[in-house]
Amino acid sequence: MVQRTRLDEDSCPVARSVDAIGDWWSLLIVRDAFDGSRRFGEFQRSLGVAKNILTARLRALVAGGILETVPASDGSAYREYVLTVKGRDLFPVVVALRQWGEAHWFGPGEPMSRLLDRRDGRPLRTLEVRAADGRAIRPEDTEVERVGEVGED
């Protein structure tokens, strides 16, 4: 069996983030947690994923501090999965992926789920990346300062 490359000590924040999320099942679990899923059965019904895969992904998300288990909200003996602060901080990532998917993976008029503002029922404005001074930033306006390059001449 091929062993997965670990990126948890990489100097690139994108690589470490991908290592933490792991795979597409994990990101869909996070999406469903934002949508209100809390119990194993809810995640399984929504995703249609095998129990062993779901169990492994939920354990990894808990170990990574993205989800935590809490006593069931109905007082039963069950445990529920809830997003931690670290997990809730993935909200802009999920919204960005959703908006990218809406723009590039659906045909005109093709039905899709929508993310709406609860207050007014309207879709969210498209996310924009902005500089510290508020300017909209495009990829060509940025550069990566690699480790060891800070202050080098």
# chains A, B, ... in the order shown; residues from 1 in each chain; ligands from 1
>>> residues_around(residues="Asp19 (chain A)", least_positions_apart="2", cutoff="6 Å", atoms="only C-alpha atoms", output="list of chain:residue names")
A:Leu7, A:Asp8, A:Arg16, A:Ser17, A:Ile21, A:Gly22
>>> residues_around(residues="region 59-69 of chain A", least_positions_apart="3", cutoff="7 Å", atoms="only C-alpha atoms", output="ChimeraX atom specification")
/A:20,55-56,79-84,86-87
>>> write_last_selection(atoms="C-alpha atoms", output="short mmCIF file (atom, residue, chain, number, x, y, z; two decimals), in the first residue's frame")
data_model
loop_
_atom_site.label_atom_id
_atom_site.label_comp_id
_atom_site.auth_asym_id
_atom_site.auth_seq_id
_atom_site.Cartn_x
_atom_site.Cartn_y
_atom_site.Cartn_z
CA ALA A 20 -5.35 18.80 7.96
CA THR A 55 -15.59 6.89 11.12
CA ALA A 56 -11.98 7.42 10.02
CA ARG A 79 -22.38 12.02 21.24
CA GLU A 80 -22.59 14.71 18.60
CA TYR A 81 -19.95 16.35 16.42
CA VAL A 82 -19.69 20.13 16.45
CA LEU A 83 -17.28 22.51 14.79
CA THR A 84 -14.56 23.99 16.97
CA LYS A 86 -10.70 26.12 14.12
CA GLY A 87 -13.47 24.32 12.24
#
>>> select_by_dssp(residues="region 45-131 of chain A", states="helix (DSSP H, G or I)", output="MDAnalysis selection string")
chainID A and resid 45:47 51:63 85:88 91:104
>>> write_last_selection(atoms="C-alpha atoms", output="short mmCIF file (atom, residue, chain, number, x, y, z; two decimals), in the first residue's frame")
data_model
loop_
_atom_site.label_atom_id
_atom_site.label_comp_id
_atom_site.auth_asym_id
_atom_site.auth_seq_id
_atom_site.Cartn_x
_atom_site.Cartn_y
_atom_site.Cartn_z
CA ARG A 45 -27.36 9.83 5.21
CA SER A 46 -26.27 13.12 3.67
CA LEU A 47 -23.03 11.84 2.18
CA LYS A 51 -19.37 3.72 7.81
CA ASN A 52 -15.67 2.82 8.04
CA ILE A 53 -14.65 5.79 5.88
CA LEU A 54 -16.92 8.18 7.79
CA THR A 55 -15.59 6.89 11.12
CA ALA A 56 -11.98 7.42 10.02
CA ARG A 57 -12.66 10.93 8.69
CA LEU A 58 -14.59 12.02 11.78
CA ARG A 59 -11.78 10.71 14.03
CA ALA A 60 -9.19 12.61 11.98
CA LEU A 61 -11.23 15.83 12.11
CA VAL A 62 -11.58 15.48 15.89
CA ALA A 63 -7.86 14.71 16.26
CA VAL A 85 -13.31 27.55 16.50
CA LYS A 86 -10.70 26.12 14.12
CA GLY A 87 -13.47 24.32 12.24
CA ARG A 88 -15.70 27.41 12.08
CA PHE A 91 -16.37 28.89 6.68
CA PRO A 92 -14.75 31.27 4.16
CA VAL A 93 -12.99 28.28 2.55
CA VAL A 94 -16.29 26.42 2.13
CA VAL A 95 -18.00 29.57 0.80
CA ALA A 96 -15.14 30.19 -1.66
CA LEU A 97 -15.31 26.59 -2.94
CA ARG A 98 -19.09 26.86 -3.25
CA GLN A 99 -18.87 30.11 -5.21
CA TRP A 100 -16.12 28.72 -7.44
CA GLY A 101 -18.26 25.65 -8.11
CA GLU A 102 -21.31 27.79 -8.88
CA ALA A 103 -19.29 29.82 -11.38
CA HIS A 104 -17.46 26.98 -13.11
#
>>> select_by_dssp(residues="region 66-141 of chain A", states="strand (DSSP E or B)", output="PyMOL selection string")
chain A and resi 67-71+79-83+116+123+130+136
>>> write_last_selection(atoms="all heavy atoms", output="compact mmCIF listing (two decimals), in the first residue's frame")
# COMPACT_ATOMS: atom_id res chain seq x y z
N LEU A 67 -13.32 19.34 14.54
CA LEU A 67 -14.58 18.97 15.18
C LEU A 67 -14.27 18.53 16.60
O LEU A 67 -13.14 18.14 16.91
CB LEU A 67 -15.25 17.79 14.45
CG LEU A 67 -15.78 18.00 13.04
CD1 LEU A 67 -16.28 16.67 12.47
CD2 LEU A 67 -16.90 19.03 13.02
N GLU A 68 -15.29 18.59 17.46
CA GLU A 68 -15.18 18.00 18.78
C GLU A 68 -16.48 17.24 19.04
O GLU A 68 -17.50 17.51 18.41
CB GLU A 68 -14.94 19.05 19.86
CG GLU A 68 -16.08 20.04 20.03
CD GLU A 68 -15.78 21.09 21.10
OE1 GLU A 68 -14.96 20.81 22.00
OE2 GLU A 68 -16.37 22.17 21.03
N THR A 69 -16.41 16.28 19.95
CA THR A 69 -17.62 15.56 20.32
C THR A 69 -18.15 16.15 21.62
O THR A 69 -17.38 16.52 22.51
CB THR A 69 -17.38 14.04 20.48
OG1 THR A 69 -16.40 13.82 21.48
CG2 THR A 69 -16.95 13.42 19.17
N VAL A 70 -19.46 16.25 21.66
CA VAL A 70 -20.14 16.80 22.84
C VAL A 70 -21.33 15.89 23.16
O VAL A 70 -21.80 15.15 22.31
CB VAL A 70 -20.63 18.25 22.59
CG1 VAL A 70 -19.45 19.19 22.31
CG2 VAL A 70 -21.64 18.31 21.45
N PRO A 71 -21.84 15.96 24.40
CA PRO A 71 -23.04 15.19 24.72
C PRO A 71 -24.18 15.59 23.78
O PRO A 71 -24.29 16.74 23.37
CB PRO A 71 -23.35 15.57 26.17
CG PRO A 71 -22.04 16.06 26.72
CD PRO A 71 -21.33 16.70 25.55
N ARG A 79 -23.30 10.87 21.34
CA ARG A 79 -22.38 12.02 21.24
C ARG A 79 -22.65 12.69 19.90
O ARG A 79 -23.08 12.04 18.94
CB ARG A 79 -20.91 11.56 21.30
CG ARG A 79 -20.53 10.74 22.51
CD ARG A 79 -20.32 11.53 23.77
NE ARG A 79 -19.21 12.44 23.67
CZ ARG A 79 -18.94 13.38 24.57
NH1 ARG A 79 -19.71 13.52 25.61
NH2 ARG A 79 -17.93 14.19 24.43
N GLU A 80 -22.41 13.96 19.84
CA GLU A 80 -22.59 14.71 18.60
C GLU A 80 -21.28 15.40 18.22
O GLU A 80 -20.44 15.66 19.08
CB GLU A 80 -23.70 15.77 18.76
CG GLU A 80 -25.06 15.16 18.99
CD GLU A 80 -26.16 16.18 19.16
OE1 GLU A 80 -25.88 17.34 19.50
OE2 GLU A 80 -27.33 15.81 18.95
N TYR A 81 -21.14 15.67 16.94
CA TYR A 81 -19.95 16.35 16.42
C TYR A 81 -20.30 17.80 16.16
O TYR A 81 -21.30 18.09 15.50
CB TYR A 81 -19.49 15.69 15.11
CG TYR A 81 -19.03 14.27 15.30
CD1 TYR A 81 -19.93 13.21 15.16
CD2 TYR A 81 -17.72 13.99 15.62
CE1 TYR A 81 -19.51 11.90 15.34
CE2 TYR A 81 -17.29 12.68 15.80
CZ TYR A 81 -18.19 11.64 15.65
OH TYR A 81 -17.78 10.36 15.83
N VAL A 82 -19.49 18.70 16.69
CA VAL A 82 -19.69 20.13 16.45
C VAL A 82 -18.36 20.75 16.01
O VAL A 82 -17.29 20.28 16.39
CB VAL A 82 -20.25 20.86 17.69
CG1 VAL A 82 -21.64 20.36 18.05
CG2 VAL A 82 -19.31 20.74 18.87
N LEU A 83 -18.47 21.79 15.24
CA LEU A 83 -17.28 22.51 14.79
C LEU A 83 -16.64 23.25 15.94
O LEU A 83 -17.33 23.86 16.76
CB LEU A 83 -17.65 23.51 13.69
CG LEU A 83 -18.09 22.89 12.37
CD1 LEU A 83 -18.88 23.90 11.54
CD2 LEU A 83 -16.89 22.38 11.59
N LEU A 116 -27.77 31.16 1.45
CA LEU A 116 -28.49 32.43 1.60
C LEU A 116 -28.23 33.05 2.96
O LEU A 116 -28.02 32.35 3.96
CB LEU A 116 -30.00 32.20 1.44
CG LEU A 116 -30.44 31.49 0.16
CD1 LEU A 116 -31.94 31.21 0.22
CD2 LEU A 116 -30.07 32.30 -1.07
N PRO A 123 -28.67 35.62 -1.72
CA PRO A 123 -27.35 34.97 -1.83
C PRO A 123 -26.25 35.89 -1.31
O PRO A 123 -26.38 37.13 -1.33
CB PRO A 123 -27.20 34.73 -3.34
CG PRO A 123 -28.58 34.80 -3.89
CD PRO A 123 -29.34 35.75 -3.00
N ARG A 130 -8.62 40.91 -0.48
CA ARG A 130 -8.26 42.32 -0.40
C ARG A 130 -6.91 42.50 0.29
O ARG A 130 -6.55 41.75 1.19
CB ARG A 130 -9.32 43.08 0.36
CG ARG A 130 -10.69 43.00 -0.32
CD ARG A 130 -11.49 44.24 -0.10
NE ARG A 130 -12.62 44.26 -0.99
CZ ARG A 130 -12.69 45.02 -2.09
NH1 ARG A 130 -11.69 45.80 -2.41
NH2 ARG A 130 -13.74 45.00 -2.85
N ALA A 136 -8.79 45.47 -3.94
CA ALA A 136 -9.01 44.12 -4.43
C ALA A 136 -7.69 43.61 -5.01
O ALA A 136 -6.96 44.35 -5.67
CB ALA A 136 -10.08 44.12 -5.51
>>> residues_around(residues="Ile29 (chain A)", least_positions_apart="2", cutoff="9 Å", atoms="only C-alpha atoms", output="list in words")
Trp24, Trp25, Ser26, Leu27, Arg31, Asp32, Ala33, Phe34, Ser37, Phe43, Leu47, Leu54, Arg57 and Leu58 of chain A
>>> write_last_selection(atoms="all heavy atoms", output="compact mmCIF listing (two decimals), in the first residue's frame")
# COMPACT_ATOMS: atom_id res chain seq x y z
N TRP A 24 -11.58 14.87 0.12
CA TRP A 24 -12.87 15.50 -0.16
C TRP A 24 -13.96 15.07 0.79
O TRP A 24 -14.85 15.85 1.11
CB TRP A 24 -13.25 15.31 -1.62
CG TRP A 24 -13.34 13.90 -2.11
CD1 TRP A 24 -12.31 13.05 -2.37
CD2 TRP A 24 -14.54 13.19 -2.42
NE1 TRP A 24 -12.80 11.85 -2.82
CE2 TRP A 24 -14.16 11.92 -2.87
CE3 TRP A 24 -15.89 13.51 -2.36
CZ2 TRP A 24 -15.09 10.96 -3.25
CZ3 TRP A 24 -16.81 12.56 -2.75
CH2 TRP A 24 -16.40 11.30 -3.19
N TRP A 25 -13.92 13.82 1.32
CA TRP A 25 -14.93 13.43 2.30
C TRP A 25 -14.87 14.35 3.52
O TRP A 25 -15.90 14.76 4.05
CB TRP A 25 -14.73 11.98 2.76
CG TRP A 25 -15.21 10.94 1.79
CD1 TRP A 25 -14.46 9.93 1.25
CD2 TRP A 25 -16.52 10.78 1.23
NE1 TRP A 25 -15.22 9.17 0.40
CE2 TRP A 25 -16.50 9.68 0.37
CE3 TRP A 25 -17.72 11.48 1.38
CZ2 TRP A 25 -17.61 9.25 -0.33
CZ3 TRP A 25 -18.83 11.05 0.67
CH2 TRP A 25 -18.77 9.95 -0.17
N SER A 26 -13.68 14.64 3.97
CA SER A 26 -13.52 15.48 5.16
C SER A 26 -14.10 16.87 4.94
O SER A 26 -14.78 17.42 5.81
CB SER A 26 -12.05 15.57 5.56
OG SER A 26 -11.56 14.29 5.90
N LEU A 27 -13.85 17.45 3.79
CA LEU A 27 -14.39 18.78 3.51
C LEU A 27 -15.91 18.74 3.41
O LEU A 27 -16.60 19.66 3.85
CB LEU A 27 -13.76 19.34 2.23
CG LEU A 27 -13.92 20.83 2.02
CD1 LEU A 27 -13.44 21.64 3.21
CD2 LEU A 27 -13.18 21.26 0.78
N ARG A 31 -18.64 20.77 5.53
CA ARG A 31 -19.77 21.46 4.89
C ARG A 31 -21.08 21.08 5.58
O ARG A 31 -21.89 21.94 5.93
CB ARG A 31 -19.84 21.10 3.41
CG ARG A 31 -21.06 21.69 2.69
CD ARG A 31 -21.50 20.89 1.50
NE ARG A 31 -21.91 19.52 1.86
CZ ARG A 31 -22.22 18.60 0.98
NH1 ARG A 31 -22.13 18.84 -0.32
NH2 ARG A 31 -22.60 17.40 1.36
N ASP A 32 -21.27 19.77 5.79
CA ASP A 32 -22.51 19.31 6.42
C ASP A 32 -22.61 19.78 7.87
O ASP A 32 -23.72 20.06 8.35
CB ASP A 32 -22.61 17.80 6.34
CG ASP A 32 -23.06 17.32 4.96
OD1 ASP A 32 -23.22 18.16 4.05
OD2 ASP A 32 -23.25 16.10 4.80
N ALA A 33 -21.49 19.89 8.57
CA ALA A 33 -21.52 20.42 9.94
C ALA A 33 -22.00 21.87 9.92
O ALA A 33 -22.79 22.27 10.78
CB ALA A 33 -20.15 20.29 10.59
N PHE A 34 -21.54 22.65 8.95
CA PHE A 34 -22.05 24.02 8.81
C PHE A 34 -23.54 24.03 8.51
O PHE A 34 -24.26 24.93 8.92
CB PHE A 34 -21.30 24.79 7.71
CG PHE A 34 -19.99 25.35 8.15
CD1 PHE A 34 -18.81 24.93 7.57
CD2 PHE A 34 -19.91 26.31 9.14
CE1 PHE A 34 -17.58 25.44 7.95
CE2 PHE A 34 -18.69 26.84 9.55
CZ PHE A 34 -17.52 26.41 8.95
N SER A 37 -25.63 19.28 10.42
CA SER A 37 -25.47 17.86 10.79
C SER A 37 -24.61 17.78 12.04
O SER A 37 -23.62 18.50 12.18
CB SER A 37 -24.80 17.08 9.65
OG SER A 37 -25.65 17.00 8.54
N PHE A 43 -24.59 12.54 9.07
CA PHE A 43 -23.51 12.65 8.08
C PHE A 43 -23.60 11.51 7.08
O PHE A 43 -23.46 11.73 5.87
CB PHE A 43 -22.14 12.64 8.77
CG PHE A 43 -21.83 13.88 9.57
CD1 PHE A 43 -21.76 13.84 10.95
CD2 PHE A 43 -21.61 15.09 8.93
CE1 PHE A 43 -21.47 14.97 11.68
CE2 PHE A 43 -21.31 16.25 9.65
CZ PHE A 43 -21.25 16.18 11.03
N LEU A 47 -24.16 12.10 3.06
CA LEU A 47 -23.03 11.84 2.18
C LEU A 47 -23.08 10.50 1.46
O LEU A 47 -22.44 10.33 0.41
CB LEU A 47 -21.72 11.92 2.98
CG LEU A 47 -21.44 13.26 3.64
CD1 LEU A 47 -20.26 13.15 4.59
CD2 LEU A 47 -21.20 14.33 2.59
N LEU A 54 -16.40 7.07 6.98
CA LEU A 54 -16.92 8.18 7.79
C LEU A 54 -16.30 8.17 9.18
O LEU A 54 -15.88 9.22 9.68
CB LEU A 54 -18.44 8.11 7.87
CG LEU A 54 -19.12 9.21 8.68
CD1 LEU A 54 -18.78 10.59 8.14
CD2 LEU A 54 -20.63 9.00 8.68
N ARG A 57 -12.73 9.49 8.96
CA ARG A 57 -12.66 10.93 8.69
C ARG A 57 -13.09 11.74 9.90
O ARG A 57 -12.49 12.75 10.22
CB ARG A 57 -13.51 11.31 7.47
CG ARG A 57 -13.10 10.70 6.15
CD ARG A 57 -11.59 10.75 5.92
NE ARG A 57 -11.22 10.22 4.62
CZ ARG A 57 -10.97 8.95 4.35
NH1 ARG A 57 -11.05 8.03 5.30
NH2 ARG A 57 -10.63 8.58 3.14
N LEU A 58 -14.15 11.31 10.58
CA LEU A 58 -14.59 12.02 11.78
C LEU A 58 -13.51 11.98 12.86
O LEU A 58 -13.21 13.00 13.49
CB LEU A 58 -15.89 11.42 12.31
CG LEU A 58 -17.16 11.75 11.51
CD1 LEU A 58 -18.32 10.87 11.95
CD2 LEU A 58 -17.51 13.22 11.61
>>> atom_distance(atom1="CA of Gly109 (chain A)", atom2="CA of Gly121 (chain A)")
19.6 Å
>>> atom_distance(atom1="CA of Arg38 (chain A)", atom2="CA of Asp117 (chain A)")
21.3 Å
>>> closest_residue(among="A:Leu127, A:Ala77, A:Val144, A:Leu28", to="Val14 (chain A)", atoms="only C-alpha atoms")
A:Val144
>>> closest_residue(among="A:Asp35, A:Leu90, A:Gln44, A:Arg119", to="Val18 (chain A)", atoms="only C-alpha atoms")
A:Leu90
>>> atom_distance(atom1="CA of Glu9 (chain A)", atom2="CA of Gly148 (chain A)")
15.4 Å
